[in-house]
>>> print(open('protein-v3.cif').read())   # mmCIF, C-alpha atoms
data_coords
loop_
_atom_site.label_atom_id
_atom_site.label_comp_id
_atom_site.auth_asym_id
_atom_site.auth_seq_id
_atom_site.Cartn_x
_atom_site.Cartn_y
_atom_site.Cartn_z
CA MET M 383 21.94 -5.06 -8.91
CA LYS M 384 19.66 -2.55 -10.59
CA ILE M 385 17.63 -0.66 -7.97
CA LEU M 386 14.67 1.63 -8.54
CA ILE M 387 14.73 4.20 -5.72
CA THR M 388 11.64 6.35 -5.24
CA GLY M 389 12.18 9.74 -3.65
CA GLY M 390 15.84 9.66 -4.60
CA ALA M 391 16.16 13.44 -4.78
CA GLY M 392 15.01 13.84 -1.18
CA PHE M 393 17.09 13.84 1.98
CA ILE M 394 17.30 10.13 2.85
CA GLY M 395 16.67 8.93 -0.69
CA SER M 396 19.59 10.90 -2.10
CA ALA M 397 21.92 9.44 0.53
CA VAL M 398 20.82 5.97 -0.56
CA VAL M 399 21.33 6.88 -4.22
CA ARG M 400 24.85 8.15 -3.57
CA GLN M 401 25.83 5.08 -1.55
CA ALA M 402 24.22 2.64 -3.98
CA VAL M 403 26.10 4.15 -6.92
CA ALA M 404 29.34 4.12 -4.91
CA ALA M 405 28.75 0.43 -4.16
CA GLY M 406 28.52 -0.35 -7.88
CA HIS M 407 24.75 -0.77 -8.20
CA GLN M 408 22.81 0.56 -11.16
CA VAL M 409 20.26 3.11 -9.94
CA VAL M 410 17.03 4.45 -11.38
CA ASN M 411 16.09 7.53 -9.34
CA LEU M 412 12.35 8.23 -9.52
CA ASP M 413 11.24 11.53 -7.97
CA ALA M 414 8.35 13.94 -8.46
CA LEU M 415 10.58 16.87 -7.47
CA THR M 416 8.13 18.38 -5.00
CA TYR M 417 9.16 21.21 -2.67
CA ALA M 418 11.59 19.21 -0.50
CA ALA M 419 13.39 17.48 -3.40
CA ASN M 420 16.56 18.82 -4.95
CA LEU M 421 18.59 17.32 -7.79
CA GLU M 422 21.66 19.04 -6.33
CA ASN M 423 21.51 16.30 -3.70
CA VAL M 424 22.58 13.74 -6.32
CA ALA M 425 24.71 15.98 -8.51
CA SER M 426 27.83 14.06 -7.49
CA VAL M 427 26.53 10.89 -9.20
CA ALA M 428 24.49 12.43 -12.03
CA ASP M 429 27.05 11.40 -14.66
CA ALA M 430 27.89 8.02 -13.15
CA PRO M 431 27.54 4.95 -15.38
CA GLY M 432 24.30 3.12 -14.69
CA TYR M 433 22.57 6.10 -13.05
CA VAL M 434 19.28 7.33 -14.56
CA PHE M 435 16.82 9.95 -13.33
CA GLU M 436 13.08 9.61 -14.01
CA HIS M 437 10.85 12.59 -13.23
CA ALA M 438 7.59 10.94 -12.17
CA ASP M 439 5.01 10.86 -9.39
CA ILE M 440 4.14 7.63 -7.55
CA ARG M 441 0.50 8.70 -7.76
CA ASP M 442 0.75 8.21 -11.56
CA ARG M 443 0.27 4.49 -12.19
CA ALA M 444 0.85 4.75 -15.94
CA ALA M 445 4.22 6.40 -15.35
CA LEU M 446 5.20 3.68 -12.89
CA ASP M 447 4.30 0.94 -15.37
CA ARG M 448 6.30 2.65 -18.11
CA ILE M 449 9.39 3.12 -15.93
CA LEU M 450 9.37 -0.45 -14.60
CA ALA M 451 9.01 -1.85 -18.12
CA ALA M 452 11.77 0.38 -19.48
CA HIS M 453 14.34 -0.30 -16.76
CA ASP M 454 13.42 -3.77 -15.43
CA PRO M 455 14.87 -3.27 -11.93
CA ASP M 456 15.93 -6.14 -9.69
CA ALA M 457 14.63 -4.35 -6.60
CA ILE M 458 12.58 -1.35 -5.51
CA MET M 459 13.44 0.84 -2.54
CA HIS M 460 10.42 2.95 -1.68
CA LEU M 461 11.37 6.19 0.09
CA ALA M 462 9.08 8.69 -1.67
CA ALA M 463 6.82 10.26 0.95
CA GLU M 464 5.49 13.43 2.45
CA SER M 465 7.35 13.47 5.76
CA HIS M 466 7.04 16.74 7.71
CA VAL M 467 4.70 16.32 10.70
CA ASP M 468 3.95 20.04 10.91
CA ARG M 469 2.86 20.12 7.26
CA SER M 470 0.66 17.07 7.84
CA ILE M 471 -1.21 18.98 10.54
CA ASP M 472 -1.85 21.90 8.21
CA GLY M 473 -2.62 19.83 5.10
CA PRO M 474 -3.20 16.11 5.66
CA GLY M 475 -4.61 15.48 2.19
CA ALA M 476 -1.22 15.44 0.46
CA PHE M 477 -0.02 12.83 2.97
CA VAL M 478 -2.98 10.56 2.28
CA GLU M 479 -2.54 10.91 -1.48
CA THR M 480 1.22 10.33 -1.60
CA ASN M 481 1.92 8.04 1.33
CA ILE M 482 -1.16 5.83 1.04
CA THR M 483 -2.47 6.04 -2.53
CA GLY M 484 1.03 6.44 -3.95
CA THR M 485 2.26 3.37 -2.08
CA TYR M 486 -0.76 1.40 -3.31
CA ASN M 487 0.03 2.40 -6.91
CA LEU M 488 3.66 1.39 -6.51
CA LEU M 489 2.74 -1.95 -4.96
CA GLU M 490 0.37 -2.75 -7.81
CA ALA M 491 2.89 -1.67 -10.43
CA ALA M 492 5.59 -3.73 -8.71
CA ARG M 493 3.31 -6.76 -8.48
CA ALA M 494 2.42 -6.53 -12.18
CA HIS M 495 6.11 -6.20 -13.07
CA TRP M 496 7.08 -9.12 -10.84
CA LEU M 497 4.37 -11.36 -12.33
CA ALA M 498 5.22 -10.34 -15.92
CA ARG M 499 8.86 -11.30 -15.29
CA GLY M 500 7.85 -14.72 -14.01
CA LYS M 501 8.29 -13.96 -10.29
CA PRO M 502 12.10 -13.70 -10.30
CA GLU M 503 13.47 -15.17 -7.08
CA GLY M 504 15.80 -12.27 -6.32
CA PHE M 505 13.22 -9.48 -6.69
CA ARG M 506 12.57 -7.38 -3.57
CA PHE M 507 10.29 -4.51 -2.62
CA HIS M 508 11.86 -2.62 0.30
CA HIS M 509 9.47 -0.23 2.02
CA ILE M 510 11.15 2.43 4.18
CA SER M 511 9.09 3.77 7.09
CA THR M 512 9.40 5.54 10.44
CA ASP M 513 9.34 4.79 14.14
CA GLU M 514 6.53 7.33 14.48
CA VAL M 515 4.01 4.65 13.48
CA PHE M 516 4.47 3.14 16.96
CA GLY M 517 3.22 6.23 18.78
CA SER M 518 4.74 7.65 21.95
CA LEU M 519 6.82 6.00 24.68
CA GLY M 520 7.05 6.80 28.36
CA PRO M 521 10.38 7.38 30.13
CA GLN M 522 11.34 3.71 29.75
CA GLY M 523 11.17 1.09 27.01
CA GLN M 524 11.92 0.90 23.30
CA PHE M 525 10.09 0.18 20.06
CA HIS M 526 10.47 -3.39 18.80
CA GLU M 527 9.44 -4.76 15.41
CA THR M 528 6.39 -6.27 17.12
CA THR M 529 5.31 -3.09 18.94
CA PRO M 530 1.63 -2.37 18.19
CA TYR M 531 0.99 0.57 15.91
CA ASP M 532 -0.36 3.71 17.55
CA PRO M 533 0.16 6.70 15.21
CA ARG M 534 -0.68 10.16 16.58
CA SER M 535 -0.31 12.56 13.63
CA PRO M 536 -1.64 12.61 10.05
CA TYR M 537 1.91 11.91 8.88
CA SER M 538 2.47 8.86 11.10
CA ALA M 539 -1.04 7.58 10.38
CA SER M 540 -0.38 7.74 6.64
CA LYS M 541 2.91 5.90 7.05
CA ALA M 542 1.26 3.28 9.25
CA ALA M 543 -1.34 2.73 6.54
CA SER M 544 1.37 2.30 3.92
CA ASP M 545 3.18 -0.23 6.13
CA HIS M 546 -0.03 -2.25 6.45
CA LEU M 547 -0.55 -2.19 2.68
CA VAL M 548 2.96 -3.52 2.08
CA ARG M 549 2.46 -6.36 4.54
CA ALA M 550 -0.93 -7.17 3.02
CA TRP M 551 0.55 -7.38 -0.50
CA HIS M 552 3.11 -9.86 0.83
CA GLU M 553 0.58 -12.03 2.66
CA THR M 554 -2.14 -11.86 0.00
CA TYR M 555 -0.20 -11.84 -3.25
CA GLY M 556 3.20 -13.20 -2.22
CA LEU M 557 5.04 -10.05 -3.28
CA PRO M 558 8.56 -10.36 -1.79
CA VAL M 559 8.76 -7.40 0.57
CA ILE M 560 11.03 -6.16 3.34
CA LEU M 561 10.19 -3.30 5.70
CA SER M 562 12.30 -1.03 7.86
CA ASN M 563 11.36 1.61 10.42
CA CYS M 564 13.94 4.22 11.33
CA SER M 565 14.46 6.82 14.02
CA ASN M 566 14.99 10.55 13.36
CA ASN M 567 17.53 11.21 10.61
CA TYR M 568 19.87 14.18 10.35
CA GLY M 569 22.92 15.12 8.30
CA PRO M 570 24.00 16.90 5.09
CA PHE M 571 21.35 17.82 2.50
CA HIS M 572 18.57 17.94 5.12
CA PHE M 573 15.79 20.23 3.90
CA PRO M 574 15.87 23.40 6.04
CA GLU M 575 12.44 23.02 7.64
CA LYS M 576 13.50 20.18 9.96
CA LEU M 577 14.86 20.71 13.48
CA VAL M 578 18.61 20.26 13.02
CA PRO M 579 19.03 22.55 9.97
CA VAL M 580 16.58 25.04 11.48
CA VAL M 581 18.77 25.32 14.57
CA ILE M 582 21.98 25.71 12.53
CA LEU M 583 20.56 28.32 10.19
CA LYS M 584 18.77 30.29 12.91
CA ALA M 585 21.99 30.37 14.93
CA LEU M 586 23.94 31.47 11.86
CA ALA M 587 21.46 34.30 11.25
CA GLY M 588 21.32 35.35 14.91
CA GLN M 589 17.56 34.67 15.02
CA PRO M 590 15.49 33.02 17.79
CA ILE M 591 15.82 29.22 17.82
CA PRO M 592 12.33 27.78 18.42
CA ILE M 593 11.85 24.69 20.62
CA TYR M 594 8.40 23.16 21.10
CA GLY M 595 7.01 22.97 24.63
CA ASP M 596 9.61 22.43 27.34
CA GLY M 597 12.18 20.86 25.03
CA GLY M 598 11.87 17.54 26.85
CA ASN M 599 10.68 15.47 23.87
CA VAL M 600 13.15 12.63 23.34
CA ARG M 601 14.28 11.24 19.98
CA ASP M 602 16.82 8.64 18.88
CA TRP M 603 19.02 10.36 16.28
CA LEU M 604 20.39 8.48 13.25
CA TYR M 605 23.02 9.98 10.94
CA VAL M 606 21.66 9.79 7.40
CA GLU M 607 24.74 8.13 5.90
CA ASP M 608 24.50 5.40 8.54
CA HIS M 609 20.83 4.97 7.66
CA ALA M 610 21.62 4.64 3.94
CA ASP M 611 24.19 1.95 4.75
CA ALA M 612 21.63 0.11 6.89
CA LEU M 613 18.99 0.27 4.16
CA LEU M 614 21.29 -1.25 1.56
CA THR M 615 22.21 -3.94 4.10
CA VAL M 616 18.53 -4.74 4.67
CA LEU M 617 17.83 -4.77 0.93
CA THR M 618 20.63 -7.17 0.07
CA ARG M 619 20.70 -9.39 3.17
CA GLY M 620 17.37 -9.00 4.96
CA GLN M 621 14.84 -11.82 5.17
CA ILE M 622 11.75 -11.57 2.95
CA GLY M 623 8.65 -10.70 4.94
CA ARG M 624 10.66 -9.32 7.89
CA SER M 625 10.81 -5.82 9.26
CA TYR M 626 13.92 -4.23 10.74
CA ASN M 627 14.09 -1.33 13.19
CA ILE M 628 17.01 0.97 12.41
CA GLY M 629 18.16 3.21 15.24
CA GLY M 630 21.10 5.47 15.90
CA GLU M 631 21.51 4.42 19.53
CA ASN M 632 21.70 8.16 20.29
CA GLU M 633 18.82 9.35 22.47
CA ALA M 634 18.61 13.04 23.38
CA THR M 635 15.95 15.54 24.35
CA ASN M 636 15.27 18.28 21.83
CA LEU M 637 16.78 20.78 24.27
CA GLU M 638 19.96 18.71 24.65
CA LEU M 639 20.23 18.41 20.87
CA VAL M 640 19.84 22.16 20.36
CA GLN M 641 22.32 22.96 23.11
CA THR M 642 24.89 20.63 21.50
CA ILE M 643 24.46 22.33 18.13
CA CYS M 644 24.76 25.76 19.75
CA ALA M 645 28.00 24.74 21.47
CA GLN M 646 29.41 23.52 18.16
CA MET M 647 28.33 26.74 16.47
CA ASP M 648 30.15 28.68 19.20
CA GLU M 649 33.35 26.84 18.23
CA LEU M 650 32.93 26.71 14.45
CA HIS M 651 31.21 30.08 13.93
CA PRO M 652 31.97 32.19 17.02
CA GLN M 653 30.22 35.28 15.67
CA GLY M 654 27.09 35.66 17.80
CA ALA M 655 28.23 33.30 20.55
CA PRO M 656 26.90 32.09 22.88
CA HIS M 657 24.28 30.83 20.45
CA ALA M 658 22.31 29.14 23.23
CA ASP M 659 21.08 32.61 24.19
CA LEU M 660 18.91 32.44 21.04
CA ILE M 661 16.86 29.47 22.34
CA SER M 662 13.17 30.33 22.53
CA PHE M 663 10.45 28.01 23.82
CA VAL M 664 7.23 28.12 21.77
CA ALA M 665 3.77 26.56 22.17
CA ASP M 666 3.84 22.83 21.54
CA ARG M 667 2.35 21.36 18.37
CA PRO M 668 -0.79 19.19 18.58
CA GLY M 669 -0.22 15.47 19.21
CA HIS M 670 3.51 15.88 19.81
CA ASP M 671 4.84 12.43 20.80
CA ARG M 672 6.91 12.63 23.99
CA ARG M 673 9.54 9.98 23.31
CA TYR M 674 10.71 7.61 20.59
CA ALA M 675 13.40 4.97 21.10
CA ILE M 676 14.39 2.13 18.77
CA ASP M 677 15.55 -1.32 19.81
CA PRO M 678 17.95 -2.28 16.97
CA THR M 679 18.70 -5.79 18.26
CA ARG M 680 17.28 -7.59 15.20
CA ILE M 681 19.35 -5.76 12.59
CA ARG M 682 22.44 -6.04 14.78
CA THR M 683 22.13 -9.76 15.48
CA GLU M 684 20.74 -10.94 12.14
CA LEU M 685 22.60 -8.64 9.73
CA GLY M 686 25.56 -7.46 11.78
CA TRP M 687 24.77 -3.78 11.32
CA ARG M 688 25.07 -0.98 13.85
CA PRO M 689 25.61 2.78 13.51
CA SER M 690 29.15 4.05 13.10
CA VAL M 691 28.62 7.71 14.06
CA THR M 692 27.88 9.11 17.51
CA LEU M 693 25.47 12.02 17.87
CA GLU M 694 28.30 14.41 18.74
CA GLN M 695 30.30 13.32 15.68
CA GLY M 696 27.33 13.42 13.33
CA LEU M 697 26.17 16.84 14.48
CA ARG M 698 29.64 18.27 14.04
CA ARG M 699 29.83 16.91 10.49
CA THR M 700 26.39 18.36 9.83
CA VAL M 701 27.19 21.82 11.21
CA GLU M 702 30.43 21.91 9.21
CA TRP M 703 28.54 20.91 6.05
CA TYR M 704 25.93 23.66 6.40
CA LEU M 705 28.58 26.27 7.12
CA ALA M 706 30.44 25.21 3.95
CA ASN M 707 27.40 24.85 1.66
CA ARG M 708 25.45 28.10 1.74
CA ASP M 709 24.97 27.84 -2.04
CA TRP M 710 22.93 24.67 -1.47
CA TRP M 711 20.61 25.84 1.32
CA GLN M 712 20.22 29.57 0.59
CA PRO M 713 17.88 29.13 -2.43
CA LEU M 714 15.75 26.63 -0.48
CA LEU M 715 14.80 29.25 2.12
CA ASP M 716 12.48 30.83 -0.45
CA ARG M 717 10.42 27.65 -0.95
CA ASP M 718 6.86 27.46 0.33
CA GLY M 719 6.55 27.42 4.12
CA VAL M 720 10.27 27.35 4.91
CA GLY M 721 11.17 29.59 7.82
CA THR M 722 7.58 29.94 9.07
CA ARG M 723 5.87 28.11 11.91
CA LEU M 724 3.77 25.22 10.60
CA GLY M 725 1.40 22.90 12.44
CA ALA M 726 0.72 25.39 15.23
CA ALA M 727 -2.14 24.73 17.62
CA GLU M 728 -5.29 26.70 16.90
#
>>> encode(input="protein-v3.cif", output="structure tokens")
Amino acid sequence: MKILITGGAGFIGSAVVRQAVAAGHQVVNLDALTYAANLENVASVADAPGYVFEHADIRDRAALDRILAAHDPDAIMHLAAESHVDRSIDGPGAFVETNITGTYNLLEAARAHWLARGKPEGFRFHHISTDEVFGSLGPQGQFHETTPYDPRSPYSASKAASDHLVRAWHETYGLPVILSNCSNNYGPFHFPEKLVPVVILKALAGQPIPIYGDGGNVRDWLYVEDHADALLTVLTRGQIGRSYNIGGENEATNLELVQTICAQMDELHPQGAPHADLISFVADRPGHDRRYAIDPTRIRTELGWRPSVTLEQGLRRTVEWYLANRDWWQPLLDRDGVGTRLGAAE
């Protein structure tokens, strides 16, 4: 299968690219190379047969038309997005432009391509989204595919809008789409503004480790390589018009997560131990959802997929990777906004 993957130089997208190439698929990696993208993420497959990189922005319809015509993919996996909640609080415009307008452009380009090719039966448009579109849970319950949308941040609102567009293009125009909504990802190649790499790198530097509020916010954590495997499973075996919730089955409070990382840092990098002494509670960000939890029953029962990595295992792999790959993350610390508090309450 030839797959066009948008955002393939980003964190999750690059994991999908690497796994798709390893599985024998041809891959066209389309990325605008904005601040969080890094071609080093896909350096291991850059010379692989059937792999092509296209530097383009999903907001550029003409570029999308050109790339689809040139490569004639069998499927599109849409991962390109602005994704950092804190940045969406400070600058929501970029999230509206990329996540909503960009998705609209890609849908229209995909529809034109699909029609021009005579509506090939095997064509699929797989839209990758987040559990944040469902809002915030109380102490009990989980998000299901039918949970009403209730986004609370500019980021989640923009992703909710893009989900609705994808469903509308299926219902109105018949475009063969599949959707998936995932829980919080972590793992190697994670851009160092997100929680897990922030904790690792702050601990390594002996600097305060910031935790919002009381640290009681709960997330379901999904190892990125597991997520990439799930996405390729949904693409190749999922039912057209369906959505699939992808969870790690690993709930933890932010404080528990940070404490686990600190304990692993104590073992793997004992200089500065105990690293938990660096934990510092800071003012919460606006609209901070209290709890997310995914019910993955549909993908487990229909497609036979479930995560293979526990949170403890995945975090250890992640800590080991960051300790061994300073040459990857060190240059990224100089990019705009990295290492500073974003999305702070006024």
>>> closest_residue(input="protein-v3.cif", among="M:Leu685, M:Leu650, M:Ala463, M:Ile482", to="M:Leu614", atoms="all atoms listed in the file")
M:Leu685
>>> atom_distance(input="protein-v3.cif", atom1="atom CA of M:Gly595", atom2="atom CA of M:Leu693")
22.5 Å
>>> residues_around(input="protein-v3.cif", residues="M:Tyr555", least_positions_apart="6", cutoff="12 Å", atoms="all atoms listed in the file", output="VMD selection string")
chain M and resid 489 to 490 492 to 494 496 to 497 501 547 to 549
>>> write_last_selection(input="protein-v3.cif", atoms="C-alpha atoms", output="CSV table (one decimal), keeping the file's coordinate frame")
chain,number,residue,atom,x,y,z
M,489,LEU,CA,2.7,-2.0,-5.0
M,490,GLU,CA,0.4,-2.8,-7.8
M,492,ALA,CA,5.6,-3.7,-8.7
M,493,ARG,CA,3.3,-6.8,-8.5
M,494,ALA,CA,2.4,-6.5,-12.2
M,496,TRP,CA,7.1,-9.1,-10.8
M,497,LEU,CA,4.4,-11.4,-12.3
M,501,LYS,CA,8.3,-14.0,-10.3
M,547,LEU,CA,-0.6,-2.2,2.7
M,548,VAL,CA,3.0,-3.5,2.1
M,549,ARG,CA,2.5,-6.4,4.5
>>> atom_distance(input="protein-v3.cif", atom1="atom CA of M:Asp666", atom2="atom CA of M:Lys576")
15.3 Å
>>> resolve_selection(input="protein-v3.cif", expression="the PyMOL selection byres ((chain M and resi 415) around 12)", output="MDAnalysis selection string")
chainID M and resid 388:393 411:414 416:423 435:440 462:464
>>> closest_residue(input="protein-v3.cif", among="M:Tyr626, M:Phe573, M:Trp710, M:Tyr605", to="M:Asp513", atoms="only C-alpha atoms")
M:Tyr626
>>> resolve_selection(input="protein-v3.cif", expression="the PyMOL selection byres ((chain M and resi 686) around 12)", output="PyMOL selection string")
chain M and resi 611-612+615-616+619-620+678-685+687-689
>>> closest_residue(input="protein-v3.cif", among="M:Leu613, M:Leu583, M:Ser396, M:Glu631", to="M:Glu702", atoms="all atoms listed in the file")
M:Leu583
>>> closest_atom_pairs(input="protein-v3.cif", of="stretch 446-540 of chain M", to="stretch 716-721 of chain M", cutoff="12 Å", atoms="all atoms listed in the file", output="CSV")
residue,atom,partner,partner_atom,distance
M:His466,CA,M:Gly719,CA,11.3
M:Asp468,CA,M:Gly719,CA,10.4
M:Arg469,CA,M:Gly719,CA,8.8
M:Asp472,CA,M:Gly719,CA,10.9
M:Gly473,CA,M:Gly719,CA,11.9
>>> closest_residue(input="protein-v3.cif", among="M:Pro668, M:Asn636, M:Gln621, M:Glu575", to="M:Leu714", atoms="all atoms listed in the file")
M:Glu575
>>> resolve_selection(input="protein-v3.cif", expression="the PyMOL selection byres ((chain M and resi 663) around 7)", output="number ranges by chain")
M: 592-596, 661-662, 664
>>> atom_distance(input="protein-v3.cif", atom1="atom CA of M:Pro570", atom2="atom CA of M:Pro533")
27.8 Å
>>> residues_around(input="protein-v3.cif", residues="M:Asp454", least_positions_apart="6", cutoff="12 Å", atoms="only C-alpha atoms", output="compact mmCIF listing (two decimals) with C-alpha atoms, in the coordinates of the input")
# COMPACT_ATOMS: atom_id res chain seq x y z
CA MET M 383 21.94 -5.06 -8.91
CA LYS M 384 19.66 -2.55 -10.59
CA ILE M 385 17.63 -0.66 -7.97
CA LEU M 386 14.67 1.63 -8.54
CA GLN M 408 22.81 0.56 -11.16
CA VAL M 409 20.26 3.11 -9.94
CA VAL M 410 17.03 4.45 -11.38
CA LEU M 446 5.20 3.68 -12.89
CA ASP M 447 4.30 0.94 -15.37
CA ARG M 448 6.30 2.65 -18.11
CA ALA M 491 2.89 -1.67 -10.43
CA ALA M 492 5.59 -3.73 -8.71
CA ALA M 494 2.42 -6.53 -12.18
CA HIS M 495 6.11 -6.20 -13.07
CA TRP M 496 7.08 -9.12 -10.84
CA ALA M 498 5.22 -10.34 -15.92
CA ARG M 499 8.86 -11.30 -15.29
CA PRO M 502 12.10 -13.70 -10.30
CA PHE M 505 13.22 -9.48 -6.69
>>> decode(input="protein-v3.cif", residues="stretch 487-495 of chain M", atoms="all heavy atoms", output="PDB file, in the first residue's frame")
ATOM      1  N   ASN M 487      -8.776  21.716   3.672  1.00  0.00           N
ATOM      2  CA  ASN M 487      -8.032  21.661   2.417  1.00  0.00           C
ATOM      3  C   ASN M 487      -7.675  20.229   2.049  1.00  0.00           C
ATOM      4  O   ASN M 487      -7.793  19.816   0.892  1.00  0.00           O
ATOM      5  CB  ASN M 487      -6.744  22.487   2.523  1.00  0.00           C
ATOM      6  CG  ASN M 487      -6.985  23.973   2.418  1.00  0.00           C
ATOM      7  OD1 ASN M 487      -7.984  24.409   1.860  1.00  0.00           O
ATOM      8  ND2 ASN M 487      -6.072  24.767   2.957  1.00  0.00           N
ATOM      9  N   LEU M 488      -7.235  19.463   3.038  1.00  0.00           N
ATOM     10  CA  LEU M 488      -6.832  18.087   2.769  1.00  0.00           C
ATOM     11  C   LEU M 488      -8.038  17.227   2.376  1.00  0.00           C
ATOM     12  O   LEU M 488      -7.942  16.380   1.478  1.00  0.00           O
ATOM     13  CB  LEU M 488      -6.125  17.500   3.996  1.00  0.00           C
ATOM     14  CG  LEU M 488      -5.506  16.122   3.815  1.00  0.00           C
ATOM     15  CD1 LEU M 488      -4.404  16.144   2.755  1.00  0.00           C
ATOM     16  CD2 LEU M 488      -4.934  15.617   5.141  1.00  0.00           C
ATOM     17  N   LEU M 489      -9.157  17.439   3.041  1.00  0.00           N
ATOM     18  CA  LEU M 489     -10.371  16.704   2.680  1.00  0.00           C
ATOM     19  C   LEU M 489     -10.792  16.999   1.242  1.00  0.00           C
ATOM     20  O   LEU M 489     -11.145  16.082   0.481  1.00  0.00           O
ATOM     21  CB  LEU M 489     -11.510  17.060   3.639  1.00  0.00           C
ATOM     22  CG  LEU M 489     -11.475  16.426   5.017  1.00  0.00           C
ATOM     23  CD1 LEU M 489     -12.453  17.135   5.944  1.00  0.00           C
ATOM     24  CD2 LEU M 489     -11.788  14.929   4.949  1.00  0.00           C
ATOM     25  N   GLU M 490     -10.757  18.265   0.864  1.00  0.00           N
ATOM     26  CA  GLU M 490     -11.160  18.626  -0.496  1.00  0.00           C
ATOM     27  C   GLU M 490     -10.171  18.098  -1.531  1.00  0.00           C
ATOM     28  O   GLU M 490     -10.569  17.623  -2.601  1.00  0.00           O
ATOM     29  CB  GLU M 490     -11.298  20.147  -0.612  1.00  0.00           C
ATOM     30  CG  GLU M 490     -12.596  20.684  -0.053  1.00  0.00           C
ATOM     31  CD  GLU M 490     -13.784  20.242  -0.906  1.00  0.00           C
ATOM     32  OE1 GLU M 490     -14.293  19.107  -0.701  1.00  0.00           O
ATOM     33  OE2 GLU M 490     -14.207  21.012  -1.790  1.00  0.00           O
ATOM     34  N   ALA M 491      -8.885  18.151  -1.210  1.00  0.00           N
ATOM     35  CA  ALA M 491      -7.885  17.610  -2.129  1.00  0.00           C
ATOM     36  C   ALA M 491      -8.047  16.095  -2.243  1.00  0.00           C
ATOM     37  O   ALA M 491      -7.957  15.522  -3.336  1.00  0.00           O
ATOM     38  CB  ALA M 491      -6.486  17.970  -1.648  1.00  0.00           C
ATOM     39  N   ALA M 492      -8.305  15.431  -1.108  1.00  0.00           N
ATOM     40  CA  ALA M 492      -8.501  13.982  -1.124  1.00  0.00           C
ATOM     41  C   ALA M 492      -9.756  13.612  -1.906  1.00  0.00           C
ATOM     42  O   ALA M 492      -9.763  12.627  -2.664  1.00  0.00           O
ATOM     43  CB  ALA M 492      -8.594  13.461   0.311  1.00  0.00           C
ATOM     44  N   ARG M 493     -10.823  14.379  -1.713  1.00  0.00           N
ATOM     45  CA  ARG M 493     -12.069  14.093  -2.436  1.00  0.00           C
ATOM     46  C   ARG M 493     -11.876  14.251  -3.942  1.00  0.00           C
ATOM     47  O   ARG M 493     -12.342  13.404  -4.740  1.00  0.00           O
ATOM     48  CB  ARG M 493     -13.184  15.023  -1.945  1.00  0.00           C
ATOM     49  CG  ARG M 493     -14.530  14.766  -2.600  1.00  0.00           C
ATOM     50  CD  ARG M 493     -15.642  15.453  -1.842  1.00  0.00           C
ATOM     51  NE  ARG M 493     -15.656  16.891  -2.008  1.00  0.00           N
ATOM     52  CZ  ARG M 493     -16.432  17.543  -2.895  1.00  0.00           C
ATOM     53  NH1 ARG M 493     -17.235  16.863  -3.693  1.00  0.00           N
ATOM     54  NH2 ARG M 493     -16.406  18.863  -2.962  1.00  0.00           N
ATOM     55  N   ALA M 494     -11.177  15.314  -4.353  1.00  0.00           N
ATOM     56  CA  ALA M 494     -10.924  15.525  -5.777  1.00  0.00           C
ATOM     57  C   ALA M 494     -10.079  14.387  -6.346  1.00  0.00           C
ATOM     58  O   ALA M 494     -10.333  13.891  -7.457  1.00  0.00           O
ATOM     59  CB  ALA M 494     -10.233  16.874  -5.990  1.00  0.00           C
ATOM     60  N   HIS M 495      -9.082  13.969  -5.593  1.00  0.00           N
ATOM     61  CA  HIS M 495      -8.215  12.865  -6.024  1.00  0.00           C
ATOM     62  C   HIS M 495      -9.007  11.569  -6.137  1.00  0.00           C
ATOM     63  O   HIS M 495      -8.885  10.830  -7.132  1.00  0.00           O
ATOM     64  CB  HIS M 495      -7.067  12.708  -5.011  1.00  0.00           C
ATOM     65  CG  HIS M 495      -6.240  11.494  -5.200  1.00  0.00           C
ATOM     66  ND1 HIS M 495      -5.299  11.370  -6.212  1.00  0.00           N
ATOM     67  CD2 HIS M 495      -6.197  10.315  -4.515  1.00  0.00           C
ATOM     68  CE1 HIS M 495      -4.728  10.177  -6.124  1.00  0.00           C
ATOM     69  NE2 HIS M 495      -5.254   9.525  -5.113  1.00  0.00           N
TER      70      HIS M 495
END
